Amino acid sequence: MSRTGETAPGVTARPAGAGGAARVPRPAGPAGRNPAWLVTSLVLSVLGAYFFVYYVPQNYAPSRVDLFTEALFVGLAATGLNILTGFNGQVSIGHGAFFGLGAYVTALMMDDRAYVEFAGREWGLGDGVPFLATLPVVAVVCLVVGALIGFPALRVKGLYLALVTLGLAVLFPDLTKRFVRGTGGTNLVGLRGADLAPPDWYDWFPDVIADPLDDYVGARDQWAYYVALVLVGLLLLAVHLIARSRFGRALIAVRDHEAAAETVGIDLARVKVSAFALSAAYAGLAGSLSVLVARQANAGRVETFQLSIEFLVALVVGGTATVFGPMIGGFLVVFFRDWIDQQQRLEDLFDSSARAKLLSPAIFGIGLIVMMFFLPDGIVGGSRRAWRRVTRRRSHPIT
Amino acid sequence: MDLFVSQLMNGIERGVIYASLALALVLIFKTTGILNFAQGEMALFSTYVTWWLTEQGLAVWLAIVTSVVLSFLGGAAIERVVMRPVEQSSPLVIVIVTIGLFLAFNSLAQVVFGVEAEVIPRAYPNERWDVAGVNLKMDTVVLVGILALECVLLWLLLQRTKVGLALRAVASNPESSRLAGVSVGSMLMLGWGLAAALGALAGSLVVPITTALNPASMQEILVFAFAAAALGGFDSPLGAVVGGLVVGVANALTIQYVDALDGIELLVPFGLILAVLLFRPAGLFGKVHVERV
Amino acid sequence: MSADVPLLRVAELSAGYGPVQVLHGIDFTVEPGEVVVILGANGAGKTTTLRAVSGMIPARGTVEFEGRSLLGTRPEKVARAGIAHVPQGRGTLAELTVEENLRLGAFARRDAQVASDVERWYEVFPRLGERRDQQAGSMSGGEQQMLAIARALMSRPKLVLLDEPSLGLAPIVTQELFRVLGELNRETGLSMLVVEQNAGLALGIATRGYVLEAGTIAVTGSAADLATNDDVRKAYLGI
């Protein structure tokens, strides 16, 4: 029967006439309960765990470990953006602002010199608070700010919302310049090495994992990396659970058809504002982590905008509305940027390293466009489609 | 009082600049329903082309005209090659693609033309007159004149020609336009081409006045242009002009008189954008859709 | 009537949307001066047929207009060849004025008689003349349907495709509409291909008709035959 020849993956053509037998729906999930899939994923998880938990921090130079930490927090911010943009369909090009907010709250709490000047008073936000203790504060602050910004988003949609969020990215650095008094009166809040040293209890861990504390440099980058790894693990698990929950289904329903979602009793305002708040909290926590690597909080217009775009790039490259896509995207973005920046040949070609470095945004830009043409659902989405095609061809047609 | 008037003139000059770019945004929105986040960087690239042409010894006016023509072709090509495949896609895809263009144009401009700030020669003498106690700059006069000319030409094109009718028809209902024999694709290319040309003209005239040409030249202008377009209504060329002037003057007066907003003056345009989108999404001059079914 | 070549000849036409095939090889013709009606229930493929003819969706088979193949031709080219398609839902250009809608209809023409044609259709449809400067989207459904037909006629077509012109209109408006269509055909010899669910009115002005069922032609015949055919009467005339 030639008329089902064009059937796209995922779409079951209606059986034609009385001759077509009824089809049994396939089990849900990428590959159902395929044993080969189980074994493959088990092996991959073990190898992955070994690589990320042991190999990276113990074998790489501190600068490279920092790069992994950076990939983790860029991926984390992209994961947060995914809750809003991927699952809920609200596009933000201003998440660099929430990231910056997290970084500033953490840095201001840890540093004893910097303060916020507001309403004629100086607000210190704390002196020498340990890093981990700043995280709950950052989460709460970003949840609240995210929710507040989410309210206007109830009425502003699509491209217009993107425009408004662009305002966040542009305004946030100006706000810090106006109100934050950091090093030398600028909006840069720099931290001293001692502020960033791991806590004493870090020494209790066996030396196999944690280098002894007196090896300060080694300990700092490993400490930052492990903190990022644990936090990312927990927050990825949370996304995984959210995606399967009632709330997750509500997010998707609102994205796909707002009016229809409302008629089945979904509270639009609650869902959309919660998505904004949650996603801001993720981005804020990512910003906190960045302080461990950058040893400062600092916001410039260009940097904040670029970060916002980087999160978006990581999200779409990895795959929107997938659990691991944005994290994979974060790694690709960070390592690709690093790779381009180190290409000696480009520097020779342009006679200057400054010019050669400029090429990475150009390649990002063109890569993004090409990606939208050929792989709009990202690497994870695309490979999932490919996998489905392979397994479908292999498995006997169910009749 | 003198200070007020001079700030007012200053605001008008800035407003005219914002209006020129807002016109480009409106043209694209009207024909394709897209907010083009790359509009400023496209204008930046065109301005670099103008600068490069003057460096090759071309007279300034000639360089501007050449750059405008090249930008028209470039804009049309971008529509055909880059935007056409995704025009019907979700807002996310459109944001990504226009941001992709933004990044590409911004960094290509620097890679191709260098990272140093460049000075573009002026196309006309830098004179000032004293008119009834008001300091009137040649810049303001030229910019206002060019903007007025742009508006008249655009109005004639849209309202008095067959092509203009087809452009508006495509914006209103592409399918019906196609059934009437209009090549929708050509109209979309025309819309993008015109927008790019307007941007090129705006950039080439504005940059010599405000700053030396550098990679960030157009970014703040784009923000204000978006505010202008939002205020006037994204589908209204007239609204873009009025919006531009309002935003320009409001901003100049804010900088002068509102100390509370020192250093965060950009709250004004974004506040405007948000307020308009929240309370009157069609803008001041945009058409509220009246349609009976 | 020209000797042997029909105005529109459709053979073995198959079309659909993505993986869903709607038309399974249908054949029909429209001779010059004829009004041909295609009847059928919702989802039978009536609209798809018109969309396939005017190039709005990809199709397989044969579509010949005045002996030349139209298959794979883009809609704007089909329009220029002399086929005017009045889409379902009228396709009003809502933000344009009534007069601009009409002038757009003449977009493909190169002659200087556009203005006089506009006046001519204002005479046929006086309501449009009264509202010439009004935004088209603000008119009633019936007025918009008149506008859609007038816009199609502005291209001076050889064949008009009408997709459910009665949809959403009050019965009295529908009757008036078909009266005008019948008159047009009698006075100017304009050929029409009408897709309708209101079989009674459509057969009243038609020369011949086809009944479409699940993407295939089930019954063909002259309008008079169809109007007396028992199956057709039961299914489409409610008798």
# chains A, B, ... in the order shown; residues from 1 in each chain; ligands from 1

$ interface_residues --of "chain B" --to "chain A" --cutoff "6 Å" --atoms "only C-alpha atoms" --output "compact mmCIF listing (two decimals) with C-alpha atoms, in the first residue's frame"
# COMPACT_ATOMS: atom_id res chain seq x y z
CA PRO B 91 9.17 32.67 18.43
CA LEU B 92 12.10 30.76 19.93
CA VAL B 97 18.02 33.08 14.13
CA GLY B 100 22.50 34.46 15.29
CA LEU B 101 22.52 37.22 12.69
CA LEU B 103 26.34 37.81 16.58
CA ALA B 104 27.50 37.08 13.07
CA SER B 107 31.81 39.98 14.98
CA VAL B 111 36.95 40.67 11.83
CA ILE B 264 20.21 53.80 34.73
CA PHE B 270 12.45 49.62 28.68

$ interface_residues --of "chain C" --to "chain B" --cutoff "7 Å" --atoms "only C-alpha atoms" --output "PyMOL selection string"
chain C and resi 75-77+79-80+84-85+91+93-95+104-105+107-108+137-141

$ residues_around --residues "stretch 69-77 of chain B" --least-positions-apart "5" --cutoff "7 Å" --atoms "only C-alpha atoms" --output "mmCIF file with N, CA, C and O atoms, in the first residue's frame"
data_model
loop_
_atom_site.group_PDB
_atom_site.id
_atom_site.type_symbol
_atom_site.label_atom_id
_atom_site.label_comp_id
_atom_site.auth_asym_id
_atom_site.auth_seq_id
_atom_site.Cartn_x
_atom_site.Cartn_y
_atom_site.Cartn_z
ATOM 1 N N SER B 46 26.578 47.828 7.586
ATOM 2 C CA SER B 46 26.441 48.760 6.455
ATOM 3 C C SER B 46 27.274 50.008 6.674
ATOM 4 O O SER B 46 27.884 50.535 5.747
ATOM 5 N N MET B 189 11.210 39.894 0.482
ATOM 6 C CA MET B 189 12.579 40.323 0.187
ATOM 7 C C MET B 189 12.635 41.844 0.077
ATOM 8 O O MET B 189 13.559 42.490 0.575
ATOM 9 N N LEU B 190 11.616 42.401 -0.562
ATOM 10 C CA LEU B 190 11.569 43.860 -0.695
ATOM 11 C C LEU B 190 11.515 44.516 0.677
ATOM 12 O O LEU B 190 12.234 45.493 0.948
ATOM 13 N N TRP B 192 12.562 43.395 3.614
ATOM 14 C CA TRP B 192 13.864 43.288 4.287
ATOM 15 C C TRP B 192 14.901 44.183 3.626
ATOM 16 O O TRP B 192 15.731 44.788 4.300
ATOM 17 N N GLY B 193 14.848 44.233 2.293
ATOM 18 C CA GLY B 193 15.806 45.073 1.580
ATOM 19 C C GLY B 193 15.635 46.539 1.964
ATOM 20 O O GLY B 193 16.608 47.232 2.293
ATOM 21 N N LEU B 194 14.377 46.992 1.964
ATOM 22 C CA LEU B 194 14.116 48.383 2.339
ATOM 23 C C LEU B 194 14.576 48.663 3.765
ATOM 24 O O LEU B 194 15.195 49.696 4.039
ATOM 25 N N ALA B 196 16.894 47.154 5.489
ATOM 26 C CA ALA B 196 18.359 47.195 5.556
ATOM 27 C C ALA B 196 18.879 48.509 4.983
ATOM 28 O O ALA B 196 19.833 49.100 5.500
ATOM 29 N N ALA B 197 18.242 48.968 3.899
ATOM 30 C CA ALA B 197 18.674 50.220 3.281
ATOM 31 C C ALA B 197 18.459 51.398 4.237
ATOM 32 O O ALA B 197 19.336 52.256 4.406
ATOM 33 N N ALA B 200 21.064 51.313 6.869
ATOM 34 C CA ALA B 200 22.364 51.746 6.364
ATOM 35 C C ALA B 200 22.439 53.269 6.332
ATOM 36 O O ALA B 200 23.442 53.872 6.739
#

$ select_by_dssp --residues "stretch 17-174 of chain A" --states "strand (DSSP E)" --output "PyMOL selection string"
chain A and resi 115-118+121-123

$ interface_residues --of "chain C" --to "chain A" --cutoff "9 Å" --atoms "only C-alpha atoms" --output "PyMOL selection string"
chain C and resi 18-21

$ residues_around --residues "B:Ala24" --least-positions-apart "3" --cutoff "7 Å" --atoms "only C-alpha atoms" --output "list in words"
Ser20, Leu21, Leu27, Ile28, Ala195, Ala196, Leu198 and Gly199 of chain B

$ write_last_selection --atoms "C-alpha atoms" --output "PDB file, in the first residue's frame"
ATOM      1  CA  SER B  20      15.092  56.065  11.447  1.00  0.00           C
ATOM      2  CA  LEU B  21      16.017  52.687  12.849  1.00  0.00           C
ATOM      3  CA  LEU B  27       8.954  47.650   7.869  1.00  0.00           C
ATOM      4  CA  ILE B  28      10.107  44.151   8.722  1.00  0.00           C
ATOM      5  CA  ALA B 195      14.666  47.921   6.063  1.00  0.00           C
ATOM      6  CA  ALA B 196      18.359  47.195   5.556  1.00  0.00           C
ATOM      7  CA  LEU B 198      17.018  52.495   5.862  1.00  0.00           C
ATOM      8  CA  GLY B 199      19.315  51.119   8.534  1.00  0.00           C
TER       9      GLY B 199
END

$ atom_distance --atom1 "atom CA of C:Ala115" --atom2 "atom CA of B:Thr161"
14.1 Å

$ residues_around --residues "stretch 168-178 of chain C" --least-positions-apart "4" --cutoff "9 Å" --atoms "only C-alpha atoms" --output "PyMOL selection string"
(chain B and resi 293) or (chain C and resi 89+141-142+145-146+182-183+201-202+204-205)

$ atom_distance --atom1 "atom CA of A:Thr106" --atom2 "atom CA of A:Gly329"
25.4 Å

$ residues_around --residues "stretch 4-6 of chain B" --least-positions-apart "6" --cutoff "9 Å" --atoms "only C-alpha atoms" --output "ChimeraX atom specification"
/B:134-136,253,256

$ write_last_selection --atoms "all heavy atoms" --output "PDB file, in the first residue's frame"
ATOM      1  N   VAL B 134      18.061  80.081  20.079  1.00  0.00           N
ATOM      2  CA  VAL B 134      18.195  78.627  20.148  1.00  0.00           C
ATOM      3  C   VAL B 134      19.372  78.196  19.271  1.00  0.00           C
ATOM      4  O   VAL B 134      19.501  78.626  18.139  1.00  0.00           O
ATOM      5  CB  VAL B 134      16.902  77.931  19.663  1.00  0.00           C
ATOM      6  CG1 VAL B 134      17.078  76.430  19.699  1.00  0.00           C
ATOM      7  CG2 VAL B 134      15.732  78.370  20.516  1.00  0.00           C
ATOM      8  N   ASN B 135      20.185  77.377  19.840  1.00  0.00           N
ATOM      9  CA  ASN B 135      21.347  76.886  19.113  1.00  0.00           C
ATOM     10  C   ASN B 135      20.920  75.733  18.202  1.00  0.00           C
ATOM     11  O   ASN B 135      20.584  74.644  18.674  1.00  0.00           O
ATOM     12  CB  ASN B 135      22.378  76.414  20.140  1.00  0.00           C
ATOM     13  CG  ASN B 135      23.709  76.121  19.469  1.00  0.00           C
ATOM     14  OD1 ASN B 135      23.816  76.148  18.248  1.00  0.00           O
ATOM     15  ND2 ASN B 135      24.703  75.854  20.287  1.00  0.00           N
ATOM     16  N   LEU B 136      20.915  75.987  16.906  1.00  0.00           N
ATOM     17  CA  LEU B 136      20.422  74.988  15.959  1.00  0.00           C
ATOM     18  C   LEU B 136      21.595  74.357  15.225  1.00  0.00           C
ATOM     19  O   LEU B 136      22.396  75.056  14.607  1.00  0.00           O
ATOM     20  CB  LEU B 136      19.481  75.659  14.955  1.00  0.00           C
ATOM     21  CG  LEU B 136      18.669  74.720  14.067  1.00  0.00           C
ATOM     22  CD1 LEU B 136      17.754  73.845  14.904  1.00  0.00           C
ATOM     23  CD2 LEU B 136      17.858  75.532  13.069  1.00  0.00           C
ATOM     24  N   LEU B 253      15.512  64.630  28.510  1.00  0.00           N
ATOM     25  CA  LEU B 253      15.045  65.335  29.703  1.00  0.00           C
ATOM     26  C   LEU B 253      15.315  64.527  30.966  1.00  0.00           C
ATOM     27  O   LEU B 253      15.646  65.078  32.018  1.00  0.00           O
ATOM     28  CB  LEU B 253      13.549  65.654  29.573  1.00  0.00           C
ATOM     29  CG  LEU B 253      13.204  66.598  28.403  1.00  0.00           C
ATOM     30  CD1 LEU B 253      11.708  66.891  28.373  1.00  0.00           C
ATOM     31  CD2 LEU B 253      14.007  67.891  28.478  1.00  0.00           C
ATOM     32  N   GLN B 256      18.824  65.027  31.982  1.00  0.00           N
ATOM     33  CA  GLN B 256      19.071  66.356  32.534  1.00  0.00           C
ATOM     34  C   GLN B 256      18.429  66.555  33.905  1.00  0.00           C
ATOM     35  O   GLN B 256      19.036  67.111  34.801  1.00  0.00           O
ATOM     36  CB  GLN B 256      18.544  67.407  31.552  1.00  0.00           C
ATOM     37  CG  GLN B 256      18.848  68.829  31.975  1.00  0.00           C
ATOM     38  CD  GLN B 256      20.351  69.094  31.976  1.00  0.00           C
ATOM     39  OE1 GLN B 256      21.053  68.667  31.063  1.00  0.00           O
ATOM     40  NE2 GLN B 256      20.845  69.755  32.997  1.00  0.00           N
TER      41      GLN B 256
END

$ residues_around --residues "C:Val114" --least-positions-apart "3" --cutoff "12 Å" --atoms "only C-alpha atoms" --output "mmCIF file with N, CA and C atoms, in the first residue's frame"
data_model
loop_
_atom_site.group_PDB
_atom_site.id
_atom_site.type_symbol
_atom_site.label_atom_id
_atom_site.label_comp_id
_atom_site.auth_asym_id
_atom_site.auth_seq_id
_atom_site.Cartn_x
_atom_site.Cartn_y
_atom_site.Cartn_z
ATOM 1 N N LYS B 162 1.468 50.264 -6.870
ATOM 2 C CA LYS B 162 0.950 48.910 -6.901
ATOM 3 C C LYS B 162 1.812 47.985 -6.029
ATOM 4 N N GLU C 99 -11.733 49.140 -1.446
ATOM 5 C CA GLU C 99 -11.226 49.466 -2.782
ATOM 6 C C GLU C 99 -9.822 48.879 -2.998
ATOM 7 N N GLU C 100 -9.006 48.940 -1.948
ATOM 8 C CA GLU C 100 -7.659 48.355 -2.081
ATOM 9 C C GLU C 100 -7.724 46.854 -2.309
ATOM 10 N N LEU C 102 -10.020 45.352 -3.944
ATOM 11 C CA LEU C 102 -10.360 45.167 -5.354
ATOM 12 C C LEU C 102 -9.151 45.432 -6.244
ATOM 13 N N ARG C 103 -8.426 46.505 -5.936
ATOM 14 C CA ARG C 103 -7.269 46.822 -6.782
ATOM 15 C C ARG C 103 -6.207 45.722 -6.687
ATOM 16 N N LEU C 104 -6.092 45.113 -5.499
ATOM 17 C CA LEU C 104 -5.153 44.009 -5.382
ATOM 18 C C LEU C 104 -5.561 42.859 -6.295
ATOM 19 N N GLY C 105 -6.883 42.652 -6.423
ATOM 20 C CA GLY C 105 -7.367 41.601 -7.303
ATOM 21 C C GLY C 105 -6.846 41.768 -8.716
ATOM 22 N N ALA C 106 -6.593 43.021 -9.116
ATOM 23 C CA ALA C 106 -6.125 43.299 -10.474
ATOM 24 C C ALA C 106 -4.602 43.359 -10.534
ATOM 25 N N PHE C 107 -3.934 42.838 -9.486
ATOM 26 C CA PHE C 107 -2.481 43.001 -9.394
ATOM 27 C C PHE C 107 -1.749 42.498 -10.630
ATOM 28 N N ALA C 108 -2.209 41.387 -11.176
ATOM 29 C CA ALA C 108 -1.468 40.780 -12.283
ATOM 30 C C ALA C 108 -1.784 41.435 -13.629
ATOM 31 N N ARG C 109 -2.766 42.342 -13.633
ATOM 32 C CA ARG C 109 -3.143 42.946 -14.919
ATOM 33 C C ARG C 109 -2.226 44.091 -15.285
ATOM 34 N N ARG C 110 -2.066 44.295 -16.591
ATOM 35 C CA ARG C 110 -1.180 45.360 -17.035
ATOM 36 C C ARG C 110 -1.958 46.459 -17.787
ATOM 37 N N ASP C 111 -3.289 46.263 -17.972
ATOM 38 C CA ASP C 111 -4.057 47.218 -18.782
ATOM 39 C C ASP C 111 -4.485 48.424 -17.952
ATOM 40 N N ASP C 117 -13.181 48.865 -14.096
ATOM 41 C CA ASP C 117 -13.655 47.570 -13.590
ATOM 42 C C ASP C 117 -14.121 47.680 -12.146
ATOM 43 N N VAL C 118 -13.359 48.454 -11.351
ATOM 44 C CA VAL C 118 -13.750 48.649 -9.947
ATOM 45 C C VAL C 118 -15.164 49.208 -9.905
ATOM 46 N N GLU C 119 -15.413 50.229 -10.731
ATOM 47 C CA GLU C 119 -16.745 50.843 -10.759
ATOM 48 C C GLU C 119 -17.803 49.833 -11.190
ATOM 49 N N ARG C 120 -17.444 48.982 -12.133
ATOM 50 C CA ARG C 120 -18.388 47.996 -12.629
ATOM 51 C C ARG C 120 -18.849 47.067 -11.512
ATOM 52 N N TRP C 121 -17.894 46.610 -10.686
ATOM 53 C CA TRP C 121 -18.288 45.681 -9.617
ATOM 54 C C TRP C 121 -19.009 46.395 -8.499
ATOM 55 N N ARG C 151 -13.198 40.644 -5.851
ATOM 56 C CA ARG C 151 -11.741 40.694 -5.943
ATOM 57 C C ARG C 151 -11.234 39.662 -6.947
ATOM 58 N N LEU C 153 -12.917 38.510 -9.462
ATOM 59 C CA LEU C 153 -13.312 38.898 -10.819
ATOM 60 C C LEU C 153 -12.448 40.031 -11.356
ATOM 61 N N MET C 154 -11.851 40.818 -10.450
ATOM 62 C CA MET C 154 -11.000 41.934 -10.873
ATOM 63 C C MET C 154 -9.809 41.465 -11.705
ATOM 64 N N SER C 155 -9.457 40.185 -11.555
ATOM 65 C CA SER C 155 -8.316 39.703 -12.347
ATOM 66 C C SER C 155 -8.747 39.318 -13.762
ATOM 67 N N ARG C 156 -10.041 39.501 -14.080
ATOM 68 C CA ARG C 156 -10.607 39.076 -15.366
ATOM 69 C C ARG C 156 -10.252 37.619 -15.661
#

$ closest_residue --among "A:Leu42, A:Leu234, A:Ala299, A:Met327" --to "A:Ala71" --atoms "only C-alpha atoms"
A:Met327

$ select_by_dssp --residues "stretch 16-218 of chain C" --states "alpha helix (DSSP H)" --output "MDAnalysis selection string"
chainID C and resid 46:53 75:81 98:105 114:124 126:130 141:153 171:188 199:205

$ closest_residue --among "B:Leu266, B:Val112, B:Leu205, B:Ala228" --to "B:Trp52" --atoms "only C-alpha atoms"
B:Val112

$ atom_distance --atom1 "atom CA of C:Leu159" --atom2 "atom CA of C:Thr47"
16.3 Å

$ decode --residues "stretch 127-146 of chain B" --atoms "N, CA and C atoms" --output "PDB file, in the first residue's frame"
ATOM      1  N   GLU B 127      27.889  72.884  10.906  1.00  0.00           N
ATOM      2  CA  GLU B 127      27.606  74.282  11.248  1.00  0.00           C
ATOM      3  C   GLU B 127      26.585  74.384  12.361  1.00  0.00           C
ATOM      4  N   ARG B 128      26.567  75.547  12.976  1.00  0.00           N
ATOM      5  CA  ARG B 128      25.556  75.813  13.994  1.00  0.00           C
ATOM      6  C   ARG B 128      24.995  77.197  13.722  1.00  0.00           C
ATOM      7  N   TRP B 129      23.730  77.345  13.928  1.00  0.00           N
ATOM      8  CA  TRP B 129      23.142  78.676  13.779  1.00  0.00           C
ATOM      9  C   TRP B 129      22.479  79.081  15.068  1.00  0.00           C
ATOM     10  N   ASP B 130      22.373  80.400  15.235  1.00  0.00           N
ATOM     11  CA  ASP B 130      21.644  80.904  16.387  1.00  0.00           C
ATOM     12  C   ASP B 130      20.307  81.430  15.896  1.00  0.00           C
ATOM     13  N   VAL B 131      19.249  80.672  16.154  1.00  0.00           N
ATOM     14  CA  VAL B 131      17.925  81.093  15.690  1.00  0.00           C
ATOM     15  C   VAL B 131      17.091  81.479  16.898  1.00  0.00           C
ATOM     16  N   ALA B 132      16.860  82.767  17.026  1.00  0.00           N
ATOM     17  CA  ALA B 132      16.046  83.291  18.133  1.00  0.00           C
ATOM     18  C   ALA B 132      16.519  82.739  19.470  1.00  0.00           C
ATOM     19  N   GLY B 133      17.829  82.758  19.656  1.00  0.00           N
ATOM     20  CA  GLY B 133      18.384  82.335  20.932  1.00  0.00           C
ATOM     21  C   GLY B 133      18.541  80.831  21.072  1.00  0.00           C
ATOM     22  N   VAL B 134      18.061  80.081  20.079  1.00  0.00           N
ATOM     23  CA  VAL B 134      18.195  78.627  20.148  1.00  0.00           C
ATOM     24  C   VAL B 134      19.372  78.196  19.271  1.00  0.00           C
ATOM     25  N   ASN B 135      20.185  77.377  19.840  1.00  0.00           N
ATOM     26  CA  ASN B 135      21.347  76.886  19.113  1.00  0.00           C
ATOM     27  C   ASN B 135      20.920  75.733  18.202  1.00  0.00           C
ATOM     28  N   LEU B 136      20.915  75.987  16.906  1.00  0.00           N
ATOM     29  CA  LEU B 136      20.422  74.988  15.959  1.00  0.00           C
ATOM     30  C   LEU B 136      21.595  74.357  15.225  1.00  0.00           C
ATOM     31  N   LYS B 137      21.697  73.052  15.320  1.00  0.00           N
ATOM     32  CA  LYS B 137      22.826  72.377  14.677  1.00  0.00           C
ATOM     33  C   LYS B 137      22.440  71.879  13.284  1.00  0.00           C
ATOM     34  N   MET B 138      23.420  71.972  12.391  1.00  0.00           N
ATOM     35  CA  MET B 138      23.235  71.438  11.037  1.00  0.00           C
ATOM     36  C   MET B 138      22.839  69.958  11.105  1.00  0.00           C
ATOM     37  N   ASP B 139      23.459  69.232  12.058  1.00  0.00           N
ATOM     38  CA  ASP B 139      23.150  67.808  12.221  1.00  0.00           C
ATOM     39  C   ASP B 139      21.652  67.586  12.366  1.00  0.00           C
ATOM     40  N   THR B 140      21.060  68.363  13.278  1.00  0.00           N
ATOM     41  CA  THR B 140      19.644  68.185  13.545  1.00  0.00           C
ATOM     42  C   THR B 140      18.837  68.436  12.286  1.00  0.00           C
ATOM     43  N   VAL B 141      19.192  69.543  11.591  1.00  0.00           N
ATOM     44  CA  VAL B 141      18.440  69.906  10.393  1.00  0.00           C
ATOM     45  C   VAL B 141      18.533  68.798   9.342  1.00  0.00           C
ATOM     46  N   VAL B 142      19.766  68.318   9.103  1.00  0.00           N
ATOM     47  CA  VAL B 142      19.948  67.286   8.082  1.00  0.00           C
ATOM     48  C   VAL B 142      19.184  66.019   8.456  1.00  0.00           C
ATOM     49  N   LEU B 143      19.313  65.613   9.710  1.00  0.00           N
ATOM     50  CA  LEU B 143      18.651  64.368  10.124  1.00  0.00           C
ATOM     51  C   LEU B 143      17.139  64.482  10.017  1.00  0.00           C
ATOM     52  N   VAL B 144      16.604  65.617  10.472  1.00  0.00           N
ATOM     53  CA  VAL B 144      15.162  65.804  10.379  1.00  0.00           C
ATOM     54  C   VAL B 144      14.735  65.785   8.915  1.00  0.00           C
ATOM     55  N   GLY B 145      15.517  66.480   8.070  1.00  0.00           N
ATOM     56  CA  GLY B 145      15.193  66.528   6.644  1.00  0.00           C
ATOM     57  C   GLY B 145      15.184  65.138   6.025  1.00  0.00           C
ATOM     58  N   ILE B 146      16.225  64.374   6.312  1.00  0.00           N
ATOM     59  CA  ILE B 146      16.313  63.034   5.730  1.00  0.00           C
ATOM     60  C   ILE B 146      15.164  62.160   6.214  1.00  0.00           C
TER      61      ILE B 146
END
